[in-house]
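Engineer: Got a file for you: input.cif, mmCIF, C-alpha atoms.
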```cif
data_my_file
#
loop_
_atom_site.label_atom_id
_atom_site.label_comp_id
_atom_site.auth_asym_id
_atom_site.auth_seq_id
_atom_site.Cartn_x
_atom_site.Cartn_y
_atom_site.Cartn_z
CA MET A 1 -60.73 39.86 22.71
CA THR A 2 -61.63 43.13 24.44
CA SER A 3 -60.48 43.91 27.94
CA ALA A 4 -62.75 44.24 30.94
CA VAL A 5 -60.09 45.91 33.08
CA ILE A 6 -56.63 47.26 32.26
CA THR A 7 -54.35 48.49 35.04
CA GLU A 8 -50.97 50.13 34.50
CA HIS A 9 -48.50 50.36 37.35
CA LEU A 10 -51.49 50.68 39.65
CA THR A 11 -50.42 51.50 43.20
CA LYS A 12 -52.45 52.23 46.33
CA LYS A 13 -50.97 53.31 49.64
CA TYR A 14 -52.75 53.92 52.92
CA GLY A 15 -50.37 56.31 54.64
CA ARG A 16 -47.04 54.48 54.61
CA LYS A 17 -48.58 51.06 54.10
CA THR A 18 -48.63 49.81 50.50
CA ALA A 19 -51.80 47.84 49.75
CA LEU A 20 -51.18 47.41 46.04
CA SER A 21 -47.84 47.86 44.35
CA ASP A 22 -47.09 48.47 40.64
CA CYS A 23 -49.90 46.24 39.45
CA SER A 24 -50.17 45.90 35.64
CA LEU A 25 -52.95 43.67 34.40
CA ASP A 26 -55.02 43.14 31.29
CA ILE A 27 -58.15 41.22 32.26
CA PRO A 28 -59.98 39.95 29.15
CA ALA A 29 -63.77 40.28 28.99
CA GLY A 30 -66.04 37.25 29.03
CA HIS A 31 -64.09 35.38 31.67
CA VAL A 32 -64.66 34.31 35.23
CA VAL A 33 -61.52 35.60 36.88
CA GLY A 34 -60.26 34.25 40.19
CA LEU A 35 -58.35 36.81 42.24
CA VAL A 36 -56.42 34.73 44.74
CA GLY A 37 -54.06 35.48 47.57
CA PRO A 38 -53.70 35.37 51.33
CA ASN A 39 -55.56 37.80 53.54
CA GLY A 40 -54.07 41.29 53.27
CA ALA A 41 -52.58 40.68 49.81
CA GLY A 42 -54.47 43.60 48.26
CA LYS A 43 -57.44 41.78 46.70
CA SER A 44 -60.13 44.03 48.19
CA THR A 45 -58.10 47.14 47.39
CA LEU A 46 -57.85 46.11 43.73
CA LEU A 47 -61.61 45.45 43.50
CA GLN A 48 -62.45 48.76 45.19
CA LEU A 49 -60.17 50.61 42.76
CA VAL A 50 -61.93 48.92 39.83
CA CYS A 51 -65.39 49.93 41.02
CA GLY A 52 -64.28 53.50 41.75
CA GLN A 53 -64.64 53.39 45.54
CA LEU A 54 -60.93 54.16 45.93
CA ASN A 55 -58.58 56.41 43.98
CA PRO A 56 -55.11 55.17 43.03
CA THR A 57 -52.00 56.68 44.64
CA ALA A 58 -50.07 56.14 41.41
CA GLY A 59 -50.62 54.49 38.04
CA GLY A 60 -53.96 54.23 36.28
CA LEU A 61 -56.74 51.94 35.20
CA THR A 62 -59.39 51.55 32.52
CA VAL A 63 -62.64 49.77 33.34
CA LEU A 64 -64.96 48.69 30.47
CA GLY A 65 -63.11 51.08 28.18
CA GLY A 66 -63.24 54.19 30.39
CA PRO A 67 -62.21 55.55 33.76
CA PRO A 68 -63.73 53.82 36.80
CA VAL A 69 -67.08 55.33 37.86
CA THR A 70 -68.45 55.06 41.40
CA GLY A 71 -71.89 53.44 41.41
CA SER A 72 -71.78 52.74 37.67
CA PRO A 73 -74.87 50.83 36.47
CA ARG A 74 -72.52 48.80 34.26
CA ILE A 75 -70.79 47.28 37.29
CA GLY A 76 -72.26 45.01 39.94
CA PHE A 77 -70.28 44.88 43.15
CA VAL A 78 -70.80 42.55 46.09
CA ALA A 79 -68.56 43.75 48.91
CA GLN A 80 -67.03 41.47 51.53
CA ASP A 81 -69.49 40.11 54.12
CA THR A 82 -72.32 40.68 51.60
CA PRO A 83 -73.80 43.79 53.23
CA VAL A 84 -77.59 44.11 53.39
CA TYR A 85 -79.76 46.38 55.54
CA GLY A 86 -80.80 44.18 58.45
CA SER A 87 -84.03 45.98 59.34
CA LEU A 88 -85.29 46.13 55.75
CA SER A 89 -87.14 43.30 54.01
CA ILE A 90 -85.94 41.59 50.84
CA ASP A 91 -88.79 43.36 49.06
CA ASP A 92 -87.48 46.76 50.27
CA HIS A 93 -84.07 45.89 48.88
CA LEU A 94 -85.55 45.00 45.49
CA ARG A 95 -87.59 48.25 45.39
CA PHE A 96 -84.47 50.29 46.22
CA GLY A 97 -82.55 48.48 43.53
CA LYS A 98 -85.27 49.21 40.99
CA HIS A 99 -85.39 52.87 42.04
CA LEU A 100 -81.62 53.36 41.84
CA ASN A 101 -80.78 51.45 38.67
CA PRO A 102 -82.08 52.35 35.22
CA SER A 103 -81.14 48.92 33.84
CA TRP A 104 -82.85 47.00 36.71
CA ASP A 105 -84.38 43.66 35.69
CA ASP A 106 -87.19 43.24 38.21
CA ASP A 107 -88.44 39.95 36.73
CA LEU A 108 -85.00 38.40 37.05
CA ALA A 109 -84.65 39.58 40.65
CA ARG A 110 -88.10 38.35 41.78
CA GLU A 111 -87.82 35.06 39.96
CA ARG A 112 -84.44 34.42 41.63
CA ILE A 113 -85.81 35.21 45.10
CA GLU A 114 -88.74 32.88 44.47
CA ARG A 115 -86.51 30.08 43.22
CA LEU A 116 -84.33 30.46 46.31
CA ASP A 117 -87.48 29.83 48.32
CA LEU A 118 -87.14 33.15 50.15
CA ASP A 119 -90.08 35.17 51.46
CA PRO A 120 -89.83 38.75 50.11
CA LYS A 121 -91.35 40.03 53.38
CA GLN A 122 -88.50 38.54 55.40
CA LYS A 123 -86.18 41.04 57.11
CA ALA A 124 -82.66 40.78 55.67
CA GLY A 125 -81.23 40.70 59.21
CA LYS A 126 -82.97 37.37 59.85
CA LEU A 127 -81.42 35.58 56.86
CA SER A 128 -78.71 32.93 57.13
CA GLY A 129 -75.24 33.71 55.75
CA GLY A 130 -75.93 31.71 52.60
CA GLN A 131 -79.31 33.41 52.03
CA ARG A 132 -77.79 36.85 52.60
CA ALA A 133 -75.07 36.12 50.05
CA GLN A 134 -77.73 34.98 47.55
CA VAL A 135 -79.75 38.18 48.10
CA ALA A 136 -76.63 40.33 47.64
CA LEU A 137 -75.84 38.42 44.42
CA THR A 138 -79.42 38.89 43.21
CA LEU A 139 -79.20 42.66 43.81
CA ALA A 140 -75.92 42.81 41.88
CA ILE A 141 -77.02 40.76 38.84
CA ALA A 142 -80.48 42.38 38.56
CA LYS A 143 -78.59 45.51 37.44
CA ARG A 144 -77.64 43.45 34.38
CA PRO A 145 -74.03 44.58 34.78
CA GLU A 146 -71.32 44.08 32.16
CA LEU A 147 -68.82 43.42 34.91
CA LEU A 148 -69.55 41.67 38.19
CA LEU A 149 -67.09 42.13 41.06
CA LEU A 150 -67.36 39.79 44.04
CA ASP A 151 -65.16 40.24 47.10
CA GLU A 152 -64.78 36.93 48.98
CA PRO A 153 -68.42 36.01 48.28
CA VAL A 154 -68.23 32.46 49.63
CA ALA A 155 -65.57 32.74 52.33
CA ALA A 156 -68.04 32.74 55.23
CA LEU A 157 -70.42 30.12 53.81
CA ASP A 158 -70.73 26.42 54.63
CA PRO A 159 -69.92 23.98 51.77
CA LEU A 160 -73.56 23.51 50.71
CA ALA A 161 -74.34 27.25 50.66
CA ARG A 162 -71.06 27.79 48.81
CA ARG A 163 -71.98 25.28 46.14
CA GLU A 164 -75.48 26.76 45.76
CA PHE A 165 -74.05 30.27 45.46
CA LEU A 166 -71.60 29.19 42.75
CA GLN A 167 -74.32 27.26 40.90
CA GLY A 168 -76.46 30.42 40.77
CA LEU A 169 -73.52 32.54 39.72
CA MET A 170 -72.45 30.16 36.93
CA GLU A 171 -76.02 29.84 35.67
CA TYR A 172 -76.20 33.61 35.36
CA VAL A 173 -72.82 33.76 33.61
CA ALA A 174 -73.99 31.07 31.15
CA GLU A 175 -77.06 33.07 30.11
CA SER A 176 -75.56 36.58 30.21
CA GLY A 177 -71.88 36.21 29.32
CA THR A 178 -71.04 38.79 32.00
CA SER A 179 -67.39 39.19 32.97
CA VAL A 180 -66.77 38.25 36.59
CA VAL A 181 -63.86 39.02 38.88
CA MET A 182 -64.11 37.09 42.13
CA SER A 183 -61.63 37.27 44.97
CA SER A 184 -61.09 34.32 47.26
CA HIS A 185 -58.55 32.76 49.53
CA LEU A 186 -60.30 29.41 49.07
CA VAL A 187 -58.62 27.86 46.07
CA ALA A 188 -60.56 24.61 46.00
CA ASP A 189 -63.69 26.02 44.32
CA LEU A 190 -61.77 28.05 41.78
CA GLU A 191 -60.57 25.28 39.50
CA ARG A 192 -64.09 24.46 38.39
CA VAL A 193 -65.44 27.99 38.36
CA CYS A 194 -62.65 30.24 37.05
CA ASP A 195 -61.01 30.22 33.63
CA TYR A 196 -58.59 33.06 34.37
CA LEU A 197 -56.40 33.50 37.40
CA ILE A 198 -54.59 36.34 39.16
CA VAL A 199 -52.40 35.48 42.12
CA LEU A 200 -51.73 38.42 44.38
CA VAL A 201 -49.24 38.10 47.24
CA LYS A 202 -48.01 40.92 49.47
CA SER A 203 -49.47 43.69 47.28
CA LYS A 204 -47.82 42.33 44.10
CA VAL A 205 -49.10 40.29 41.16
CA ARG A 206 -47.22 36.96 41.16
CA VAL A 207 -48.77 35.26 38.16
CA THR A 208 -51.71 35.83 35.85
CA GLY A 209 -53.20 34.03 32.86
CA GLU A 210 -55.75 31.59 31.49
CA VAL A 211 -56.18 28.70 33.92
CA GLU A 212 -55.80 26.12 31.16
CA GLU A 213 -52.53 27.62 29.98
CA LEU A 214 -51.17 27.92 33.51
CA LEU A 215 -51.95 24.26 34.19
CA ALA A 216 -50.34 23.21 30.89
CA THR A 217 -47.09 25.08 31.57
CA HIS A 218 -46.54 24.19 35.23
CA HIS A 219 -45.21 20.82 36.32
CA HIS A 220 -44.38 18.87 39.44
CA VAL A 221 -40.84 17.58 38.98
CA THR A 222 -39.30 15.07 41.37
CA GLY A 223 -36.02 13.24 41.16
CA ALA A 224 -32.65 12.66 42.75
CA ARG A 225 -31.31 15.82 44.32
CA VAL A 226 -30.86 18.40 41.56
CA ASP A 227 -29.58 21.89 41.30
CA PRO A 228 -32.55 23.96 40.12
CA GLU A 229 -30.16 26.15 38.14
CA LYS A 230 -29.24 23.18 35.92
CA LEU A 231 -32.74 22.47 34.64
CA GLY A 232 -31.99 24.27 31.39
CA PRO A 233 -33.16 27.44 29.67
CA GLY A 234 -36.81 28.48 29.49
CA ARG A 235 -37.58 26.84 32.81
CA THR A 236 -38.38 28.73 35.95
CA VAL A 237 -38.41 27.04 39.32
CA ILE A 238 -41.37 28.38 41.27
CA GLN A 239 -40.94 26.26 44.33
CA ALA A 240 -38.15 23.92 45.43
CA ARG A 241 -38.00 21.50 48.33
CA HIS A 242 -35.01 19.31 48.94
CA THR A 243 -34.21 16.39 51.18
CA ASP A 244 -30.79 14.73 51.23
CA VAL A 245 -31.74 12.35 48.47
CA GLN A 246 -34.63 13.93 46.60
CA SER A 247 -35.70 17.25 45.10
CA SER A 248 -39.32 18.19 44.59
CA LEU A 249 -39.88 21.18 42.35
CA VAL A 250 -42.71 23.15 40.82
CA VAL A 251 -41.42 24.30 37.44
CA ARG A 252 -42.86 26.64 34.84
CA SER A 253 -41.88 25.55 31.35
CA THR A 254 -43.61 25.88 28.00
CA ALA A 255 -41.62 22.99 26.52
CA PRO A 256 -42.20 19.51 27.96
CA ILE A 257 -39.58 18.25 30.41
CA ASP A 258 -38.50 14.88 29.07
CA ASP A 259 -35.29 14.29 31.04
CA PRO A 260 -35.48 10.65 32.21
CA ALA A 261 -33.75 11.64 35.46
CA PHE A 262 -36.96 13.29 36.62
CA SER A 263 -40.45 12.14 37.18
CA VAL A 264 -42.78 14.81 35.79
CA ALA A 265 -46.44 15.14 36.68
CA GLY A 266 -49.19 17.66 36.13
CA ILE A 267 -50.28 20.10 38.77
CA ASP A 268 -53.69 21.16 40.00
CA LEU A 269 -54.68 24.76 40.52
CA GLU A 270 -54.45 24.60 44.29
CA ASP A 271 -50.84 23.38 44.25
CA LEU A 272 -49.98 25.97 41.62
CA VAL A 273 -51.37 28.82 43.71
CA LEU A 274 -49.71 27.51 46.87
CA ALA A 275 -46.37 27.28 45.04
CA TYR A 276 -46.55 30.96 44.11
CA MET A 277 -47.56 31.92 47.64
CA SER A 278 -44.67 30.01 49.21
CA GLU A 279 -42.31 31.39 46.57
CA ALA A 280 -43.09 34.80 48.00
CA ALA A 281 -42.41 33.58 51.53
CA ASN A 282 -39.13 31.91 50.51
CA GLY A 283 -38.00 35.05 48.71
CA ARG A 284 -38.18 36.91 51.96
CA ASP A 285 -36.22 34.19 53.76
CA ARG A 286 -33.48 34.34 51.18
CA VAL A 287 -33.08 38.07 51.69
CA LEU A 288 -32.84 37.54 55.43
CA GLU A 289 -30.20 34.87 54.94
CA LYS A 290 -28.09 37.17 52.85
CA GLN A 291 -28.16 39.80 55.55
CA ARG A 292 -26.71 37.47 58.13
CA MET B 1 -86.70 5.00 25.26
CA GLU B 2 -87.51 8.73 25.06
CA TRP B 3 -84.48 10.97 24.78
CA TRP B 4 -85.11 12.83 28.03
CA LEU B 5 -84.93 9.59 29.94
CA ARG B 6 -81.50 8.90 28.49
CA MET B 7 -80.01 12.31 29.27
CA ILE B 8 -76.75 11.91 31.18
CA GLU B 9 -75.96 13.85 34.32
CA PHE B 10 -72.44 15.09 34.85
CA HIS B 11 -70.61 14.98 38.16
CA LEU B 12 -67.18 16.28 39.07
CA ASP B 13 -64.58 14.76 41.33
CA SER B 14 -62.43 17.63 42.56
CA ARG B 15 -59.82 15.29 44.07
CA SER B 16 -59.23 13.21 40.96
CA GLY B 17 -56.45 15.42 39.57
CA VAL B 18 -58.25 15.35 36.21
CA SER B 19 -59.35 18.77 34.94
CA PRO B 20 -63.11 19.50 34.90
CA TYR B 21 -62.92 19.86 31.10
CA MET B 22 -61.40 16.39 30.73
CA GLN B 23 -63.86 14.87 33.20
CA LEU B 24 -66.83 16.04 31.11
CA ILE B 25 -65.32 14.62 27.92
CA GLN B 26 -64.47 11.33 29.61
CA GLN B 27 -67.99 10.99 31.02
CA VAL B 28 -69.55 11.42 27.57
CA ARG B 29 -67.08 8.98 25.94
CA HIS B 30 -67.66 6.53 28.77
CA ALA B 31 -71.46 6.77 28.35
CA LEU B 32 -71.03 6.22 24.60
CA ARG B 33 -68.80 3.18 25.12
CA LEU B 34 -71.21 1.59 27.55
CA GLY B 35 -74.20 2.35 25.32
CA LEU B 36 -75.78 4.69 27.90
CA LEU B 37 -75.87 7.34 25.17
CA LYS B 38 -76.86 6.53 21.63
CA GLU B 39 -77.13 8.33 18.33
CA GLY B 40 -79.82 11.04 18.52
CA ASP B 41 -79.62 11.47 22.31
CA LYS B 42 -79.34 15.02 23.58
CA LEU B 43 -76.62 16.30 25.90
CA PRO B 44 -77.76 18.60 28.73
CA THR B 45 -77.63 22.30 27.86
CA VAL B 46 -74.68 24.38 29.05
CA LYS B 47 -76.95 26.23 31.46
CA ASP B 48 -78.27 22.97 32.92
CA VAL B 49 -74.74 21.62 33.41
CA VAL B 50 -73.41 24.75 35.16
CA ALA B 51 -76.50 25.08 37.33
CA ARG B 52 -76.02 21.51 38.43
CA VAL B 53 -72.28 21.15 38.98
CA ALA B 54 -71.24 24.82 39.54
CA ILE B 55 -68.68 24.91 36.75
CA ASN B 56 -67.51 27.60 34.36
CA PRO B 57 -69.77 27.66 31.26
CA ASN B 58 -66.74 28.11 28.98
CA THR B 59 -65.45 24.75 30.22
CA VAL B 60 -68.68 23.03 29.17
CA LEU B 61 -68.67 24.78 25.78
CA LYS B 62 -65.07 23.77 25.23
CA ALA B 63 -65.76 20.14 26.16
CA TYR B 64 -68.74 20.05 23.78
CA ARG B 65 -66.63 21.58 21.02
CA GLU B 66 -63.94 18.95 21.55
CA LEU B 67 -66.58 16.20 21.35
CA GLU B 68 -67.89 17.81 18.16
CA TYR B 69 -64.35 17.91 16.75
CA GLU B 70 -64.06 14.19 17.50
CA GLY B 71 -67.23 13.68 15.49
CA LEU B 72 -69.22 12.35 18.45
CA VAL B 73 -71.80 15.12 18.81
CA GLN B 74 -73.33 17.83 16.66
CA PRO B 75 -74.93 21.07 17.82
CA ARG B 76 -78.29 21.96 16.26
CA PRO B 77 -78.93 25.69 16.61
CA GLY B 78 -81.78 26.43 19.00
CA LEU B 79 -82.28 22.77 19.84
CA GLY B 80 -79.17 21.59 21.65
CA THR B 81 -76.25 19.24 21.19
CA PHE B 82 -76.97 15.74 19.93
CA VAL B 83 -75.01 12.51 19.81
CA THR B 84 -74.10 11.60 16.24
CA ARG B 85 -72.37 8.27 16.69
CA THR B 86 -71.60 5.67 19.28
CA LEU B 87 -68.21 4.48 20.42
CA GLY B 88 -67.10 0.91 20.43
CA SER B 89 -68.55 -1.38 17.78
CA ASP B 90 -69.74 -4.92 18.50
CA GLU B 91 -66.38 -6.17 17.16
CA ASP B 92 -64.56 -4.01 19.74
CA LEU B 93 -66.70 -5.45 22.50
CA ALA B 94 -66.03 -8.96 21.17
CA ALA B 95 -62.28 -8.30 21.38
CA HIS B 96 -62.60 -7.25 25.04
CA GLU B 97 -63.34 -10.71 26.37
CA PRO B 98 -60.14 -12.60 25.36
CA LEU B 99 -58.04 -9.56 26.35
CA ARG B 100 -59.72 -9.44 29.73
CA ARG B 101 -58.95 -13.14 30.23
CA ASP B 102 -55.25 -12.55 29.36
CA LEU B 103 -55.14 -9.69 31.83
CA GLU B 104 -56.75 -11.79 34.54
CA GLY B 105 -54.13 -14.48 33.95
CA TRP B 106 -51.37 -11.88 34.32
CA LEU B 107 -52.97 -10.54 37.50
CA ALA B 108 -53.11 -14.02 38.97
CA LYS B 109 -49.40 -14.47 38.22
CA ALA B 110 -48.60 -11.13 39.84
CA ARG B 111 -50.51 -12.21 42.96
CA ASP B 112 -48.71 -15.56 43.04
CA ALA B 113 -45.41 -13.67 42.89
CA GLY B 114 -46.45 -11.93 46.11
CA LEU B 115 -47.28 -8.45 44.77
CA ASP B 116 -49.91 -6.48 46.64
CA ASP B 117 -52.61 -4.32 44.97
CA GLU B 118 -50.56 -1.13 45.01
CA SER B 119 -47.49 -2.81 43.51
CA ILE B 120 -49.58 -4.39 40.78
CA GLU B 121 -51.21 -1.07 39.93
CA ALA B 122 -47.87 0.78 39.93
CA LEU B 123 -46.25 -1.87 37.71
CA PHE B 124 -49.17 -1.88 35.28
CA ILE B 125 -49.35 1.91 35.00
CA SER B 126 -45.60 2.47 34.63
CA THR B 127 -45.39 -0.28 31.96
CA PHE B 128 -48.44 1.09 30.17
CA ARG B 129 -46.98 4.62 30.17
CA ARG B 130 -43.57 3.48 28.88
CA PHE B 131 -45.24 1.36 26.19
CA SER B 132 -47.45 4.27 25.05
CA ALA B 133 -44.51 6.69 25.09
CA GLU B 134 -42.39 4.31 22.99
CA ARG B 135 -45.21 3.87 20.48
CA ALA B 136 -45.70 7.64 20.28
CA GLY B 137 -41.93 8.14 19.86
CA ARG B 138 -41.76 5.64 17.01
CA ARG B 139 -44.58 7.42 15.22
CA GLY B 140 -43.00 10.86 15.66
#
```
Would you mind giving the structure from this file in structure tokens?

Structural biologist:
Amino acid sequence: MTSAVITEHLTKKYGRKTALSDCSLDIPAGHVVGLVGPNGAGKSTLLQLVCGQLNPTAGGLTVLGGPPVTGSPRIGFVAQDTPVYGSLSIDDHLRFGKHLNPSWDDDLARERIERLDLDPKQKAGKLSGGQRAQVALTLAIAKRPELLLLDEPVAALDPLARREFLQGLMEYVAESGTSVVMSSHLVADLERVCDYLIVLVKSKVRVTGEVEELLATHHHVTGARVDPEKLGPGRTVIQARHTDVQSSLVVRSTAPIDDPAFSVAGIDLEDLVLAYMSEAANGRDRVLEKQR
Amino acid sequence: MEWWLRMIEFHLDSRSGVSPYMQLIQQVRHALRLGLLKEGDKLPTVKDVVARVAINPNTVLKAYRELEYEGLVQPRPGLGTFVTRTLGSDEDLAAHEPLRRDLEGWLAKARDAGLDDESIEALFISTFRRFSAERAGRRG
């Protein structure tokens, strides 16, 4: 499988603040990739590096087999808050898109606008959040890009608009096979939409891989109070919570855990992501404890 | 009945804890068991499914491939994916009735013993799991 994006020790600093730290990724093509993490984790920075809007401080990256190119016709980018020009009509936007992009598919764009029941003469500033997001998506996919980058496309939308946006996006992916990288701090939608996951916390990559494989190798383990260290080799405890009588762990293990002392259950994507996020928080606490 | 009238529609329950991939497979198997889908019926196209339930197209493809592997459906290039056999013969359905009566008798006993719904469910599921695990262990 070819790679859509490869990053090697990619680092971006704004002054003394590190936005992205030593990030090495190999994102396979033909996937819908969920880029997840809390606000300020570095998701937008990573996407802007990939589409060439930012230059790395250290490390390097390859996008679609070459260096990142600003405004590349091969990449569709929908920035956060789905920017459109408020005083221009939808039709103006489509004509600009056609003018600026050699690979522009005008039929696809106009058919999408019509199916969304939008009036091309409508000023973009008068659209609802959901409609604006749909117009921004239309502009991005009418370029017929090989890679579609979406920065928090559904964060500001109500549940119905969110569902409609994702339906349109998935329909396009089904007919085009375009690679998609989509950042979000809403994990709930990702399990159905994404087949590849990157969890980014505090400027670092915590975990990455095919969703199916991640779900198959992570387990909820509960039982009488246990020492996480004694779980055996090949098992990593991602998250541990203890009461006096019971331990509740999230464990990464390729081999099944068949110790009768534990009750083992599967995990959904949301719990998996949250476990990695809280792992990061606990790590910091442990350091603080040591200093005392 | 015409095939397009017997096309199933998928739905996803995001709180079920069952993966979207598994839910699609289960819904087709379920429809086959209940006779809602029969030999020659067409499954919705991948594009139709994703446009309806907002799901990754690879998930639908994978579910259809698994159903094909199980011998339940067959893709016909350019036409779609078609059901090739039904699940659950008349004999199977005939066996259901006495088993259901046994189970109802057991449930009545559990009630008489003072168990509430949750306890009955927990007891049934834990026994079922242990039984299945023991059977699987004996085979392996």

Engineer: Can you tell me how far CA of Glu146 (chain A) sits from CA of Thr11 (chain A), in Å to one decimal?

Structural biologist: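 Atom-to-atom, CA of Glu146 (chain A) and CA of Thr11 (chain A) are spaced 24.8 Å apart.
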
Engineer: With 6 Å as the cut-off and only C-alpha atoms counted, what is the closest atom pair between each nearby residue of chain B and chain A? Distances in Å to one decimal, ordered by chain and number, as a Markdown table.

Structural biologist:
```
| residue | atom | partner | partner_atom | distance |
| --- | --- | --- | --- | --- |
| B:Lys47 | CA | A:Glu171 | CA | 5.6 |
| B:Val50 | CA | A:Glu171 | CA | 5.7 |
| B:Ala51 | CA | A:Gln167 | CA | 4.7 |
| B:Ala54 | CA | A:Gln167 | CA | 4.2 |
| B:Ile55 | CA | A:Val193 | CA | 4.8 |
| B:Asn56 | CA | A:Val193 | CA | 4.5 |
| B:Pro57 | CA | A:Ala174 | CA | 5.4 |
```

Engineer: How would you write, as number ranges by chain, the residues chosen by the PyMOL selection byres ((chain A and resi 242) around 10) on this structure?

Structural biologist: A: 222-227, 240-241, 243-249

Engineer: Which one is closest to Leu64 (chain A): A:Glu8, A:Leu148, A:Glu111, A:Ala136? Count all atoms listed in the file.

Structural biologist: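 The answer is A:Leu148, which sits nearest to Leu64 (chain A).
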
Engineer: From the list B:Gln74, B:Gln27, B:Leu43, B:Gly35, which residue is nearest Leu12 (chain B) when using all atoms listed in the file?

Structural biologist: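 Of B:Gln74, B:Gln27, B:Leu43, B:Gly35, the one nearest Leu12 (chain B) is B:Gln27, counting all atoms listed in the file.
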
Engineer: Translate the PyMOL selection byres ((chain A and resi 118-121) around 12), as applied to the file shown, into an explicit residue set as a short mmCIF file (atom, residue, chain, number, x, y, z; two decimals) with C-alpha atoms, keeping the file's coordinate frame.

Structural biologist:
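Written output follows (expr_34.cif):
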```
data_model
loop_
_atom_site.label_atom_id
_atom_site.label_comp_id
_atom_site.auth_asym_id
_atom_site.auth_seq_id
_atom_site.Cartn_x
_atom_site.Cartn_y
_atom_site.Cartn_z
CA SER A 87 -84.03 45.98 59.34
CA LEU A 88 -85.29 46.13 55.75
CA SER A 89 -87.14 43.30 54.01
CA ILE A 90 -85.94 41.59 50.84
CA ASP A 91 -88.79 43.36 49.06
CA ASP A 92 -87.48 46.76 50.27
CA HIS A 93 -84.07 45.89 48.88
CA LEU A 94 -85.55 45.00 45.49
CA ARG A 95 -87.59 48.25 45.39
CA ALA A 109 -84.65 39.58 40.65
CA ARG A 110 -88.10 38.35 41.78
CA GLU A 111 -87.82 35.06 39.96
CA ARG A 112 -84.44 34.42 41.63
CA ILE A 113 -85.81 35.21 45.10
CA GLU A 114 -88.74 32.88 44.47
CA ARG A 115 -86.51 30.08 43.22
CA LEU A 116 -84.33 30.46 46.31
CA ASP A 117 -87.48 29.83 48.32
CA GLN A 122 -88.50 38.54 55.40
CA LYS A 123 -86.18 41.04 57.11
CA ALA A 124 -82.66 40.78 55.67
CA GLY A 125 -81.23 40.70 59.21
CA LYS A 126 -82.97 37.37 59.85
CA LEU A 127 -81.42 35.58 56.86
CA SER A 128 -78.71 32.93 57.13
CA GLY A 130 -75.93 31.71 52.60
CA GLN A 131 -79.31 33.41 52.03
CA ARG A 132 -77.79 36.85 52.60
CA GLN A 134 -77.73 34.98 47.55
CA VAL A 135 -79.75 38.18 48.10
CA THR A 138 -79.42 38.89 43.21
#
```

Engineer: Smallest atom-to-atom distance to Ile120 (chain B): which of B:Leu79, B:Leu103, B:Leu24, B:Leu67, using all atoms listed in the file?

Structural biologist: B:Leu103

Engineer: From (-64.1, 52.9, 35.3), in the file's coordinates, out to 12 Å: which residues are reached, counting all atoms listed in the file? Answer as a CSV table (one decimal) with C-alpha atoms, keeping the file's coordinate frame.

Structural biologist:
```csv
chain,number,residue,atom,x,y,z
A,4,ALA,CA,-62.8,44.2,30.9
A,5,VAL,CA,-60.1,45.9,33.1
A,6,ILE,CA,-56.6,47.3,32.3
A,7,THR,CA,-54.4,48.5,35.0
A,47,LEU,CA,-61.6,45.4,43.5
A,48,GLN,CA,-62.4,48.8,45.2
A,49,LEU,CA,-60.2,50.6,42.8
A,50,VAL,CA,-61.9,48.9,39.8
A,51,CYS,CA,-65.4,49.9,41.0
A,52,GLY,CA,-64.3,53.5,41.8
A,53,GLN,CA,-64.6,53.4,45.5
A,54,LEU,CA,-60.9,54.2,45.9
A,55,ASN,CA,-58.6,56.4,44.0
A,60,GLY,CA,-54.0,54.2,36.3
A,61,LEU,CA,-56.7,51.9,35.2
A,62,THR,CA,-59.4,51.6,32.5
A,63,VAL,CA,-62.6,49.8,33.3
A,64,LEU,CA,-65.0,48.7,30.5
A,65,GLY,CA,-63.1,51.1,28.2
A,66,GLY,CA,-63.2,54.2,30.4
A,67,PRO,CA,-62.2,55.6,33.8
A,68,PRO,CA,-63.7,53.8,36.8
A,69,VAL,CA,-67.1,55.3,37.9
A,70,THR,CA,-68.4,55.1,41.4
A,71,GLY,CA,-71.9,53.4,41.4
A,72,SER,CA,-71.8,52.7,37.7
A,73,PRO,CA,-74.9,50.8,36.5
A,74,ARG,CA,-72.5,48.8,34.3
A,75,ILE,CA,-70.8,47.3,37.3
A,146,GLU,CA,-71.3,44.1,32.2
A,147,LEU,CA,-68.8,43.4,34.9
```

Engineer: In terms of the shortest atom-to-atom distance over all atoms listed in the file, which of A:Glu229, A:Glu270, A:Asp26, A:Asp105 is closest to Thr2 (chain A)?

Structural biologist: A:Asp26

Engineer: Name the residues that the PyMOL selection byres ((chain B and resi 36) around 12) pulls out of this structure, and write them as a ChimeraX atom specification.

Structural biologist: /B:1,3,5-9,27-35,37-39,41-43,83,86-87

Engineer: Give the answer as one residue: which of A:Ala142, A:Ala261, A:Val36, A:Leu137 has the shortest atom-to-atom distance to Asp107 (chain A), using only C-alpha atoms?

Structural biologist: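 Smallest distance to Asp107 (chain A) is found for A:Ala142.
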
Engineer: Point out the residue among A:Gln80, A:Asn39, A:Gln239, A:Thr45 with the least atom-to-atom distance to Lys13 (chain A), counting only C-alpha atoms.

Structural biologist: A:Thr45

Engineer: What would the list of residues within 10 Å of (-45.9, 50.3, 41.6) (file frame) look like as a ChimeraX atom specification, if all atoms listed in the file are what count?

Structural biologist: /A:8-13,18,20-24,57-59,203-204

Engineer: List as a list in words the protein and nucleic acid residues near region 150-154 of chain A, meaning an atom at most 6 Å away when all atoms listed in the file are counted, but skip any in the same chain fewer than 2 places from it.

Structural biologist: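 Near neighbours after the sequence-gap exclusion: Phe77, Val78, Ala79, Gln80, Ala156, Leu157, Arg162, Met182, Ser183 and Ser184 of chain A.
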